[in-house]
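**Student:** Right, I'll just put the structure down here and ask away after.
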Amino acid sequence: MVENEAGTPAWDGKVDAYKEGIALLKKQLPDVAEAYHQFTGECFKDGALPASTKQLIALGMGLFANNEVCTFYHVQEALSKGATADEIMETVAVAAAIGGGHVMSQGATRVEQALQGPVH
């Protein structure tokens, strides 16, 4: 685990900062914060997909979006819901494949179309 100079995990302060921000939002817009909390709580509970799988999906999306806080947060949540380190690393691989596929699909379609378009 990567730690900072204080010996705490590198992700610890970032997730804490997010939680502090949510607490401030809750003071300013309590109904919005509560609605969001209820919505995400429903989305992430066990259902047709287990909660650990839902956390892995969120991790992959956080990686694709380059969202550092979501990456740290959803790794910890996935572990707490029973996901293994191997499952987490396979999620990283799938996110990498999707990221590369996204660029390849755009290169094979939009860029190709742009090359065929009018030259200025």
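Please note that chains go A, B, ... in the order of the structure tokens, that every chain numbers its residues from 1, and that ligands are numbered from 1 in the order shown.
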I'd like a table as a tab-separated table: residues in range 24-73 of chain A with an atom no more than 10 Å from range 82-90 of chain A, each row giving the shortest atom pair and its distance in Å to one decimal, only C-alpha atoms counted, sorted by chain and rising residue number.
**Tutor:**
```
residue	atom	partner	partner_atom	distance
A:Pro50	CA	A:Gly82	CA	9.8
A:Ala51	CA	A:Gly82	CA	8.8
A:Ser52	CA	A:Ala83	CA	5.6
A:Thr53	CA	A:Ala83	CA	7.7
A:Gln55	CA	A:Ala83	CA	8.6
A:Leu56	CA	A:Ile88	CA	6.7
A:Ile57	CA	A:Ile88	CA	9.8
A:Leu59	CA	A:Ile88	CA	8.2
A:Gly60	CA	A:Ile88	CA	9.0
```
**Student:** One decimal, Å: what's the distance from CA of Glu68 in chain A over to CA of Arg110 in chain A, could you say?
**Tutor:**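 Pair CA of Glu68 in chain A / CA of Arg110 in chain A returns 28.8 Å.
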**Student:** Mind pulling up the distance from CA of Val69 in chain A to CA of Lys19 in chain A?
**Tutor:**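 Here the two named atoms are 10.3 Å from each other.
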**Student:** Please give the complete set of residues from range 5-104 of chain A that DSSP, run on the backbone, assigns to helix (DSSP H, G or I), formatted as a PyMOL selection string.
**Tutor:** chain A and resi 12-28+30-44+51-64+68-80+85-104
**Student:** Given the selection you just returned, output its residues as a file containing C-alpha atoms, formatted as a PDB file, in the first residue's frame.
**Tutor:**
```
ATOM      1  CA  ASP A  12      -7.109   8.245   2.747  1.00  0.00           C
ATOM      2  CA  GLY A  13      -7.043  12.047   2.566  1.00  0.00           C
ATOM      3  CA  LYS A  14      -8.699  12.165  -0.839  1.00  0.00           C
ATOM      4  CA  VAL A  15     -11.662  10.027   0.191  1.00  0.00           C
ATOM      5  CA  ASP A  16     -11.930  11.968   3.444  1.00  0.00           C
ATOM      6  CA  ALA A  17     -11.959  15.246   1.487  1.00  0.00           C
ATOM      7  CA  TYR A  18     -14.796  13.882  -0.655  1.00  0.00           C
ATOM      8  CA  LYS A  19     -16.757  12.890   2.445  1.00  0.00           C
ATOM      9  CA  GLU A  20     -16.192  16.360   3.938  1.00  0.00           C
ATOM     10  CA  GLY A  21     -17.448  17.926   0.713  1.00  0.00           C
ATOM     11  CA  ILE A  22     -20.568  15.774   0.823  1.00  0.00           C
ATOM     12  CA  ALA A  23     -21.140  16.855   4.445  1.00  0.00           C
ATOM     13  CA  LEU A  24     -20.967  20.516   3.359  1.00  0.00           C
ATOM     14  CA  LEU A  25     -23.359  19.833   0.499  1.00  0.00           C
ATOM     15  CA  LYS A  26     -25.728  18.180   2.961  1.00  0.00           C
ATOM     16  CA  LYS A  27     -25.737  21.377   5.058  1.00  0.00           C
ATOM     17  CA  GLN A  28     -26.397  23.572   2.021  1.00  0.00           C
ATOM     18  CA  PRO A  30     -29.950  18.612   2.473  1.00  0.00           C
ATOM     19  CA  ASP A  31     -32.723  17.317   0.218  1.00  0.00           C
ATOM     20  CA  VAL A  32     -30.378  16.950  -2.757  1.00  0.00           C
ATOM     21  CA  ALA A  33     -27.698  15.218  -0.677  1.00  0.00           C
ATOM     22  CA  GLU A  34     -30.240  12.848   0.870  1.00  0.00           C
ATOM     23  CA  ALA A  35     -31.840  12.051  -2.481  1.00  0.00           C
ATOM     24  CA  TYR A  36     -28.421  11.282  -3.945  1.00  0.00           C
ATOM     25  CA  HIS A  37     -27.522   9.123  -0.940  1.00  0.00           C
ATOM     26  CA  GLN A  38     -30.782   7.161  -1.214  1.00  0.00           C
ATOM     27  CA  PHE A  39     -30.379   6.761  -4.986  1.00  0.00           C
ATOM     28  CA  THR A  40     -26.813   5.477  -4.793  1.00  0.00           C
ATOM     29  CA  GLY A  41     -27.695   3.267  -1.838  1.00  0.00           C
ATOM     30  CA  GLU A  42     -30.416   1.600  -3.907  1.00  0.00           C
ATOM     31  CA  CYS A  43     -28.115   1.252  -6.909  1.00  0.00           C
ATOM     32  CA  PHE A  44     -25.279  -0.370  -4.972  1.00  0.00           C
ATOM     33  CA  ALA A  51     -22.921  -5.490  -4.408  1.00  0.00           C
ATOM     34  CA  SER A  52     -19.285  -6.474  -5.006  1.00  0.00           C
ATOM     35  CA  THR A  53     -19.891  -6.675  -8.768  1.00  0.00           C
ATOM     36  CA  LYS A  54     -21.578  -3.284  -8.717  1.00  0.00           C
ATOM     37  CA  GLN A  55     -18.529  -1.836  -6.975  1.00  0.00           C
ATOM     38  CA  LEU A  56     -16.279  -3.387  -9.631  1.00  0.00           C
ATOM     39  CA  ILE A  57     -18.395  -1.792 -12.364  1.00  0.00           C
ATOM     40  CA  ALA A  58     -18.103   1.558 -10.603  1.00  0.00           C
ATOM     41  CA  LEU A  59     -14.344   1.085 -10.308  1.00  0.00           C
ATOM     42  CA  GLY A  60     -14.038   0.423 -14.042  1.00  0.00           C
ATOM     43  CA  MET A  61     -16.084   3.506 -14.825  1.00  0.00           C
ATOM     44  CA  GLY A  62     -14.066   5.600 -12.372  1.00  0.00           C
ATOM     45  CA  LEU A  63     -10.848   4.465 -14.043  1.00  0.00           C
ATOM     46  CA  PHE A  64     -12.220   5.200 -17.518  1.00  0.00           C
ATOM     47  CA  GLU A  68      -9.008   9.460  -8.712  1.00  0.00           C
ATOM     48  CA  VAL A  69     -11.391   9.672  -5.750  1.00  0.00           C
ATOM     49  CA  CYS A  70     -13.790   7.156  -7.307  1.00  0.00           C
ATOM     50  CA  THR A  71     -10.892   4.817  -8.003  1.00  0.00           C
ATOM     51  CA  PHE A  72      -9.745   4.828  -4.386  1.00  0.00           C
ATOM     52  CA  TYR A  73     -13.281   4.761  -3.001  1.00  0.00           C
ATOM     53  CA  HIS A  74     -14.590   1.899  -5.141  1.00  0.00           C
ATOM     54  CA  VAL A  75     -11.495  -0.274  -4.580  1.00  0.00           C
ATOM     55  CA  GLN A  76     -12.123  -0.018  -0.847  1.00  0.00           C
ATOM     56  CA  GLU A  77     -15.871  -0.591  -1.252  1.00  0.00           C
ATOM     57  CA  ALA A  78     -15.308  -3.587  -3.534  1.00  0.00           C
ATOM     58  CA  LEU A  79     -12.961  -5.126  -0.966  1.00  0.00           C
ATOM     59  CA  SER A  80     -15.448  -4.470   1.833  1.00  0.00           C
ATOM     60  CA  ALA A  85      -7.581  -8.442  -5.417  1.00  0.00           C
ATOM     61  CA  ASP A  86      -7.675 -10.650  -8.531  1.00  0.00           C
ATOM     62  CA  GLU A  87     -11.218  -9.487  -9.346  1.00  0.00           C
ATOM     63  CA  ILE A  88     -10.159  -5.879  -8.877  1.00  0.00           C
ATOM     64  CA  MET A  89      -7.156  -6.271 -11.178  1.00  0.00           C
ATOM     65  CA  GLU A  90      -9.304  -8.014 -13.823  1.00  0.00           C
ATOM     66  CA  THR A  91     -11.620  -5.014 -13.591  1.00  0.00           C
ATOM     67  CA  VAL A  92      -8.600  -2.802 -14.333  1.00  0.00           C
ATOM     68  CA  ALA A  93      -7.823  -4.931 -17.388  1.00  0.00           C
ATOM     69  CA  VAL A  94     -11.409  -4.736 -18.659  1.00  0.00           C
ATOM     70  CA  ALA A  95     -11.443  -0.945 -18.154  1.00  0.00           C
ATOM     71  CA  ALA A  96      -8.179  -0.738 -20.116  1.00  0.00           C
ATOM     72  CA  ALA A  97      -9.683  -2.797 -22.932  1.00  0.00           C
ATOM     73  CA  ILE A  98     -12.759  -0.566 -23.032  1.00  0.00           C
ATOM     74  CA  GLY A  99     -10.597   2.569 -22.997  1.00  0.00           C
ATOM     75  CA  GLY A 100      -8.480   1.273 -25.845  1.00  0.00           C
ATOM     76  CA  GLY A 101     -11.584   0.075 -27.695  1.00  0.00           C
ATOM     77  CA  HIS A 102     -13.132   3.509 -27.323  1.00  0.00           C
ATOM     78  CA  VAL A 103     -10.162   5.164 -29.003  1.00  0.00           C
ATOM     79  CA  MET A 104      -9.983   2.464 -31.686  1.00  0.00           C
TER      80      MET A 104
END
```
**Student:** What is the CA of Ala48 in chain A-CA of Asn67 in chain A distance in Å, reported with one decimal?
**Tutor:**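 Between these atoms lies a distance of 26.4 Å.
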